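Asker: This is data_23.tsv, which holds TSV, C-alpha atoms and all ligand atoms:
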chain	number	residue	atom	x	y	z
A	261	MET	CA	-36.23	68.31	-15.57
A	262	ALA	CA	-38.17	69.68	-18.46
A	263	THR	CA	-38.36	67.74	-21.69
A	264	LYS	CA	-37.50	69.48	-24.92
A	265	SER	CA	-40.86	68.82	-26.48
A	266	ALA	CA	-43.98	66.81	-25.79
A	267	THR	CA	-43.65	64.69	-28.90
A	268	LEU	CA	-41.02	63.99	-31.54
A	269	GLY	CA	-43.49	63.57	-34.36
A	270	THR	CA	-45.15	60.59	-35.91
A	271	CYS	CA	-43.86	57.20	-36.99
A	272	PRO	CA	-43.40	56.95	-40.78
A	273	GLU	CA	-44.18	53.23	-40.58
A	274	CYS	CA	-47.45	53.16	-38.65
A	275	GLY	CA	-48.37	56.81	-38.02
A	276	GLU	CA	-48.24	56.54	-34.23
A	277	THR	CA	-47.30	59.67	-32.28
A	278	ILE	CA	-43.86	59.23	-30.70
A	279	PRO	CA	-43.40	60.80	-27.24
A	280	GLY	CA	-40.22	62.75	-26.45
A	281	GLY	CA	-38.99	60.03	-24.12
A	282	TYR	CA	-38.58	57.63	-27.04
A	283	LEU	CA	-35.77	59.64	-28.58
A	284	LEU	CA	-32.67	57.44	-28.95
A	285	ILE	CA	-30.16	59.76	-30.59
A	286	GLU	CA	-30.04	63.16	-32.22
A	287	TYR	CA	-27.24	64.33	-34.48
A	288	GLU	CA	-26.38	66.94	-37.05
A	289	THR	CA	-25.98	66.18	-40.74
A	290	THR	CA	-25.13	68.40	-43.67
A	291	GLU	CA	-28.87	68.56	-44.36
A	292	GLY	CA	-29.81	69.46	-40.79
A	293	PRO	CA	-30.58	67.71	-37.52
A	294	GLU	CA	-31.64	64.06	-37.65
A	295	GLN	CA	-33.35	62.07	-34.95
A	296	PHE	CA	-33.71	58.37	-34.35
A	297	ALA	CA	-36.48	57.22	-32.06
A	298	GLU	CA	-38.13	53.97	-31.11
A	299	CYS	CA	-41.78	53.77	-32.07
A	300	PRO	CA	-43.91	52.82	-29.05
A	301	ASP	CA	-46.39	51.02	-31.30
A	302	CYS	CA	-44.45	49.02	-33.93
A	303	ARG	CA	-41.12	49.05	-32.02
A	304	GLY	CA	-39.27	50.15	-35.12
A	305	ILE	CA	-36.28	52.49	-35.06
A	306	VAL	CA	-37.47	55.35	-37.22
A	307	HIS	CA	-36.93	58.98	-38.15
A	308	PRO	CA	-39.95	60.71	-36.58
A	309	ARG	CA	-41.92	62.91	-38.95
A	310	PRO	CA	-42.89	66.38	-37.76
A	401	ZN	ZN	-44.46	52.76	-35.72
Mind turning this structure into structure tokens?

Answerer:
Amino acid sequence: MATKSATLGTCPECGETIPGGYLLIEYETTEGPEQFAECPDCRGIVHPRP
């Protein structure tokens, strides 16, 4: 099983890089795709930044 990408981006709270496995949910909005992920460092549920 290949993962979609190595990382989702960085945490807007603490700046930690968020690995692909921390993705919780991905959905489409009128403004484009949104992702929620759990930060491995601060444990927050965040929108990863590219
Ligand atoms: Zn964080």

Asker: Between atom CA of Arg303 of chain A and atom CA of Glu276 of chain A, what distance in Å does the model show, to one decimal?

Answerer: 10.6 Å

Asker: Give as a PyMOL selection string every residue, naming chains and numbers as the document does, that has an atom within 8 Å of (-43.5, 59.2, -26.3), counting only C-alpha atoms.

Answerer: chain A and resi 266-268+277-282+300

Asker: Just C-alpha atoms for this one: save the residues we selected as a short mmCIF file (atom, residue, chain, number, x, y, z; two decimals), in the coordinates of the input.

Answerer:
data_model
loop_
_atom_site.label_atom_id
_atom_site.label_comp_id
_atom_site.auth_asym_id
_atom_site.auth_seq_id
_atom_site.Cartn_x
_atom_site.Cartn_y
_atom_site.Cartn_z
CA ALA A 266 -43.98 66.81 -25.79
CA THR A 267 -43.65 64.69 -28.90
CA LEU A 268 -41.02 63.99 -31.54
CA THR A 277 -47.30 59.67 -32.28
CA ILE A 278 -43.86 59.23 -30.70
CA PRO A 279 -43.40 60.80 -27.24
CA GLY A 280 -40.22 62.75 -26.45
CA GLY A 281 -38.99 60.03 -24.12
CA TYR A 282 -38.58 57.63 -27.04
CA PRO A 300 -43.91 52.82 -29.05
#

Asker: Counting all atoms listed in the file, which of A:Leu283, A:Arg309, A:Asp301, A:Glu288 gets nearest to ligand ZN 401 (chain A)?

Answerer: A:Asp301

Asker: So which residues are near ligand ZN 401 (chain A), meaning at most 6 Å away with all atoms listed in the file counted, given back as a list in words?

Answerer: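 Residues satisfying the distance criterion: Cys271, Glu273, Cys274, Glu276, Cys299, Asp301, Cys302 and Gly304 of chain A.
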
Asker: What's the separation between atom CA of Gln295 of chain A and atom CA of Pro272 of chain A, in Å to one decimal place?

Answerer: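 We find that atom CA of Gln295 of chain A and atom CA of Pro272 of chain A lie 12.7 Å from each other.
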
Asker: Work out how far apart atom CA of Ala297 of chain A and atom CA of Ile285 of chain A are and give it in Å to one decimal.

Answerer: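 Rounded to one decimal, the two atoms are 7.0 Å apart.
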